[in-house]
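Q: Got a file for you: work13.csv, CSV, C-alpha atoms.
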```csv
chain,number,residue,atom,x,y,z
A,193,MET,CA,0.0,0.0,0.0
A,194,LYS,CA,1.3,3.4,-1.0
A,195,LEU,CA,0.6,6.5,1.1
A,196,VAL,CA,0.5,9.8,-0.9
A,197,LEU,CA,0.7,12.9,1.3
A,198,PHE,CA,-0.1,16.3,-0.2
A,199,ASP,CA,0.9,19.7,1.1
A,200,CYS,CA,-2.0,22.1,0.7
A,201,ASP,CA,-1.0,25.8,0.0
A,202,GLY,CA,0.9,26.0,-3.3
A,203,THR,CA,0.4,22.3,-4.1
A,204,LEU,CA,-3.3,21.7,-4.1
A,205,VAL,CA,-4.7,25.2,-3.8
A,206,ASN,CA,-3.4,28.6,-4.9
A,207,SER,CA,-3.7,30.5,-1.7
A,208,GLY,CA,-0.7,32.8,-2.0
A,209,GLY,CA,-2.8,35.9,-2.7
A,210,VAL,CA,-5.1,35.5,0.3
A,211,ILE,CA,-2.1,34.7,2.6
A,212,HIS,CA,-0.2,37.7,1.5
A,213,ARG,CA,-3.2,40.0,1.9
A,214,CYS,CA,-3.7,38.8,5.4
A,215,MET,CA,0.0,39.1,6.2
A,216,ALA,CA,0.1,42.6,4.8
A,217,GLU,CA,-2.9,43.8,6.7
A,218,THR,CA,-1.7,42.2,9.9
A,219,PHE,CA,1.7,43.9,9.7
A,220,ALA,CA,0.3,47.3,8.7
A,221,SER,CA,-2.2,47.3,11.6
A,222,ALA,CA,0.7,46.5,14.0
A,223,GLY,CA,2.8,49.3,12.6
A,224,LEU,CA,5.4,46.9,11.1
A,225,ARG,CA,7.0,47.0,7.7
A,226,VAL,CA,4.6,45.3,5.2
A,227,PRO,CA,6.4,42.3,3.6
A,228,GLU,CA,6.8,42.0,-0.1
A,229,LEU,CA,4.9,39.2,-1.9
A,230,SER,CA,8.1,37.3,-2.4
A,231,GLU,CA,8.8,37.4,1.3
A,232,THR,CA,5.3,36.0,2.1
A,233,GLN,CA,5.7,33.2,-0.5
A,234,GLU,CA,9.0,32.2,1.1
A,235,ILE,CA,7.4,31.3,4.4
A,236,ILE,CA,4.3,29.6,3.1
A,237,GLY,CA,4.3,26.1,4.5
A,238,LEU,CA,5.6,26.9,7.9
A,239,THR,CA,3.2,27.0,10.9
A,240,LEU,CA,1.8,30.4,11.3
A,241,ASN,CA,3.6,31.6,14.4
A,242,LEU,CA,7.0,30.5,13.0
A,243,ALA,CA,6.2,32.1,9.6
A,244,ILE,CA,5.4,35.4,11.2
A,245,SER,CA,8.5,35.3,13.4
A,246,GLN,CA,10.7,34.5,10.4
A,247,ILE,CA,9.2,37.2,8.2
A,248,SER,CA,9.2,39.9,10.9
A,249,GLY,CA,12.4,39.1,12.6
A,250,ILE,CA,10.7,39.1,16.0
A,251,PRO,CA,11.6,36.2,18.3
A,252,MET,CA,9.0,33.7,19.3
A,253,GLY,CA,7.0,34.9,22.3
A,254,ALA,CA,4.0,37.0,23.3
A,255,GLU,CA,4.3,39.5,20.5
A,256,ILE,CA,4.4,36.8,17.9
A,257,GLU,CA,1.4,35.1,19.5
A,258,ASN,CA,-0.5,38.4,19.4
A,259,LEU,CA,0.4,38.9,15.7
A,260,THR,CA,-0.7,35.3,15.0
A,261,GLU,CA,-4.1,35.9,16.5
A,262,GLN,CA,-4.4,39.2,14.5
A,263,TYR,CA,-3.6,37.3,11.3
A,264,LYS,CA,-6.3,34.7,12.1
A,265,GLN,CA,-8.8,37.4,12.7
A,266,GLN,CA,-7.9,39.0,9.3
A,267,PHE,CA,-8.2,35.6,7.6
A,268,ARG,CA,-11.6,34.9,9.1
A,269,LYS,CA,-12.8,38.4,8.0
A,270,ILE,CA,-11.6,37.8,4.4
A,271,ARG,CA,-13.1,34.4,4.4
A,272,LEU,CA,-16.5,36.0,5.0
A,273,GLU,CA,-16.1,38.3,2.1
A,274,HIS,CA,-17.1,37.4,-1.5
A,275,ASP,CA,-13.6,37.8,-2.9
A,276,PHE,CA,-12.1,35.0,-0.7
A,277,ASP,CA,-10.6,32.4,-3.0
A,278,GLU,CA,-8.3,29.4,-2.6
A,279,PRO,CA,-8.8,27.8,-6.0
A,280,LEU,CA,-7.5,24.4,-7.0
A,281,TYR,CA,-4.6,24.3,-9.4
A,282,ASP,CA,-5.5,23.0,-12.9
A,283,GLY,CA,-5.5,19.2,-12.9
A,284,ILE,CA,-5.6,18.7,-9.2
A,285,ALA,CA,-9.3,17.7,-8.9
A,286,GLU,CA,-8.8,15.1,-11.7
A,287,LEU,CA,-5.6,13.7,-10.1
A,288,ILE,CA,-7.3,13.2,-6.8
A,289,ASP,CA,-10.2,11.4,-8.4
A,290,VAL,CA,-7.9,9.0,-10.2
A,291,LEU,CA,-5.8,8.3,-7.2
A,292,ALA,CA,-8.7,7.8,-4.9
A,293,ALA,CA,-10.1,5.2,-7.2
A,294,GLN,CA,-6.9,3.0,-6.9
A,295,ASP,CA,-7.0,0.2,-4.3
A,296,ASP,CA,-3.3,0.3,-3.5
A,297,ILE,CA,-3.1,4.1,-2.7
A,298,LEU,CA,-4.2,6.0,0.4
A,299,LEU,CA,-4.3,9.8,0.3
A,300,GLY,CA,-3.5,12.3,3.0
A,301,MET,CA,-2.7,16.0,3.7
A,302,VAL,CA,0.3,17.5,5.6
A,303,THR,CA,0.0,21.2,6.0
A,304,GLY,CA,1.0,24.2,8.0
A,305,LYS,CA,-2.7,25.3,8.1
A,306,SER,CA,-4.7,25.1,11.3
A,307,ARG,CA,-7.3,22.3,11.7
A,308,ARG,CA,-10.0,24.8,11.0
A,309,GLY,CA,-8.3,25.7,7.7
A,310,VAL,CA,-7.9,22.0,6.8
A,311,ILE,CA,-11.6,21.4,7.3
A,312,SER,CA,-12.5,24.4,5.2
A,313,VAL,CA,-10.4,23.3,2.3
A,314,MET,CA,-11.5,19.7,2.6
A,315,GLU,CA,-15.2,20.6,2.6
A,316,ARG,CA,-14.9,23.3,-0.1
A,317,HIS,CA,-13.2,21.0,-2.6
A,318,GLY,CA,-14.7,17.7,-1.6
A,319,PHE,CA,-11.4,16.2,-0.3
A,320,ASP,CA,-13.1,15.0,2.8
A,321,ARG,CA,-14.4,12.1,0.7
A,322,ASN,CA,-11.0,10.9,-0.4
A,323,PHE,CA,-8.4,11.9,2.2
A,324,LEU,CA,-8.0,9.3,4.9
A,325,VAL,CA,-5.5,11.1,7.1
A,326,SER,CA,-4.2,14.6,7.8
A,327,ARG,CA,-1.8,16.4,10.0
A,328,CYS,CA,-1.6,20.2,10.5
A,329,ALA,CA,-0.2,22.9,12.7
A,330,ASP,CA,-2.5,22.1,15.5
A,331,ASP,CA,-1.2,18.5,15.6
A,332,CYS,CA,2.6,18.5,15.1
A,333,PRO,CA,5.7,20.7,15.0
A,334,SER,CA,6.3,22.9,12.0
A,335,LYS,CA,7.8,21.5,8.8
A,336,PRO,CA,10.5,20.4,8.2
A,337,HIS,CA,10.2,18.3,11.3
A,338,PRO,CA,9.2,14.8,10.2
A,339,ALA,CA,6.3,14.3,12.7
A,340,MET,CA,3.5,15.0,10.3
A,341,VAL,CA,4.7,12.3,7.9
A,342,LEU,CA,5.5,9.8,10.6
A,343,GLU,CA,2.2,10.2,12.4
A,344,CYS,CA,0.3,9.7,9.1
A,345,CYS,CA,2.3,6.5,8.5
A,346,HIS,CA,1.5,5.3,12.0
A,347,GLU,CA,-2.2,6.0,11.7
A,348,THR,CA,-2.6,4.3,8.3
A,349,GLY,CA,-0.2,1.4,9.0
A,350,CYS,CA,1.8,2.4,5.8
A,351,ASP,CA,5.6,1.9,5.7
A,352,VAL,CA,7.5,5.2,5.3
A,353,SER,CA,9.4,3.6,2.5
A,354,GLN,CA,6.2,3.4,0.5
A,355,THR,CA,5.2,7.0,1.4
A,356,PHE,CA,5.4,10.0,-1.0
A,357,VAL,CA,5.3,13.6,0.0
A,358,ILE,CA,4.1,16.0,-2.7
A,359,GLY,CA,4.9,19.7,-2.1
A,360,ASP,CA,6.0,23.0,-3.5
A,361,THR,CA,8.5,24.1,-0.8
A,362,THR,CA,11.9,23.1,0.5
A,363,TYR,CA,10.2,22.6,3.9
A,364,ASP,CA,8.1,19.7,2.3
A,365,MET,CA,11.2,18.2,0.7
A,366,MET,CA,13.2,18.3,3.9
A,367,MET,CA,10.3,16.9,6.0
A,368,ALA,CA,10.0,14.0,3.6
A,369,GLY,CA,13.7,13.3,3.7
A,370,SER,CA,13.9,13.5,7.5
A,371,ALA,CA,11.1,11.0,7.7
A,372,GLY,CA,12.5,8.6,5.2
A,373,ALA,CA,9.7,9.2,2.6
A,374,THR,CA,10.1,10.0,-1.1
A,375,ALA,CA,10.0,13.8,-1.7
A,376,ILE,CA,8.3,14.9,-5.0
A,377,GLY,CA,8.3,18.6,-5.9
A,378,VAL,CA,5.9,20.6,-8.0
A,379,ASN,CA,6.8,23.5,-10.2
A,380,TRP,CA,3.6,25.5,-9.9
A,381,GLY,CA,4.0,26.6,-6.2
A,382,TYR,CA,6.0,29.1,-4.3
A,383,HIS,CA,9.6,27.8,-4.2
A,384,LYS,CA,11.6,27.3,-7.5
A,385,PRO,CA,12.2,23.8,-8.8
A,386,ASP,CA,16.0,24.0,-8.5
A,387,ARG,CA,15.6,24.7,-4.8
A,388,LEU,CA,13.3,21.8,-4.4
A,389,SER,CA,15.9,19.5,-6.0
A,390,GLU,CA,18.6,20.8,-3.8
A,391,ALA,CA,16.4,20.1,-0.8
A,392,GLY,CA,16.0,16.5,-1.7
A,393,ALA,CA,13.2,16.2,-4.3
A,394,ALA,CA,13.5,12.9,-6.2
A,395,THR,CA,11.7,14.5,-9.2
A,396,ILE,CA,9.8,17.6,-10.1
A,397,LEU,CA,6.2,17.5,-11.5
A,398,HIS,CA,5.3,19.9,-14.3
A,399,HIS,CA,1.6,18.9,-14.2
A,400,PRO,CA,-0.4,17.1,-11.6
A,401,SER,CA,-1.0,14.2,-14.0
A,402,ASP,CA,2.8,13.5,-14.0
A,403,LEU,CA,2.4,12.0,-10.5
A,404,LEU,CA,0.6,9.0,-11.9
A,405,GLY,CA,3.6,7.8,-13.8
A,406,GLN,CA,5.9,8.4,-10.8
A,407,LEU,CA,3.6,6.2,-8.6
A,408,ALA,CA,3.4,3.5,-11.2
A,409,ARG,CA,7.1,2.8,-11.1
```
As structure tokens - that is how I would like this structure written.
A:
Amino acid sequence: MKLVLFDCDGTLVNSGGVIHRCMAETFASAGLRVPELSETQEIIGLTLNLAISQISGIPMGAEIENLTEQYKQQFRKIRLEHDFDEPLYDGIAELIDVLAAQDDILLGMVTGKSRRGVISVMERHGFDRNFLVSRCADDCPSKPHPAMVLECCHETGCDVSQTFVIGDTTYDMMMAGSAGATAIGVNWGYHKPDRLSEAGAATILHHPSDLLGQLAR
């Protein structure tokens, strides 16, 4: 049995615009320098408090926890607005349908989102029907710590040697490597393919359907 674990932001859904908008409004309201889009994209994939600490240069502590809560409030506000959007990348829905129909593959999600965010994405895109397991920022240490992968393996009974982590950031690739899983990068997310390769990606997908051939080997 193969376990295929997908990152969410930048791999399944294109959420960079929403994340940057929330980050910019959070920093502006706190009187901090508003980060550039490229800076926000760099930290997507980390758990929120660590991401805010890294992008602001403020050490982990009470100030970061306050900024994290402000970010969450901004995100909830935007989610209620009509222009909130975390669309699937082209080809993702079809890929998930094909993989879910295969008897020798189990699907899961490993993400820096909160559990609330995971549930929202799962329900919005129908992934709750096909994803057997998930780990998020509320469950485990931030990527690149291997806990998310290892806990998913333990819950499903799958061997880590038959586990594949699909992601768009170096954090995903390093997490997979630390766990002993196969790291597979995608070229449509937030970190460039050459960085993914340097971080341990066994291969780089140029379209979601490319994964089918990799898993068939």
Q: With distances taken over all atoms listed in the file, which of A:Met252, A:Val205, A:Ile235, A:Ala373 is nearest to A:Thr361?
A: A:Ile235
Q: Show which residues sit within 8 Å of A:Ser334, as a list of chain:residue names. Count all atoms listed in the file, and ignore same-chain residues fewer than 5 positions away.
A: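 Here the answer would be A:Leu238, A:Thr239, A:Leu242, A:Gly304, A:Ala329.
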Q: Residues near A:Arg268, anyone? I mean within 12 Å using only C-alpha atoms, not counting same-chain ones fewer than 6 positions away, as a VMD selection string.
A: chain A and resid 210 to 211 214 261 to 262 276 308 to 309 312
Q: Given all atoms listed in the file as the basis, pick out the residue of A:Asp330, A:Glu255, A:Glu217, A:Glu347 nearest to A:Val310.
A: A:Asp330
Q: So which one's closest to A:Arg213, A:Asp289, A:Asp364, A:Asp320, A:Glu228? Using all atoms listed in the file, please.
A: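 Closest candidate: A:Glu228.
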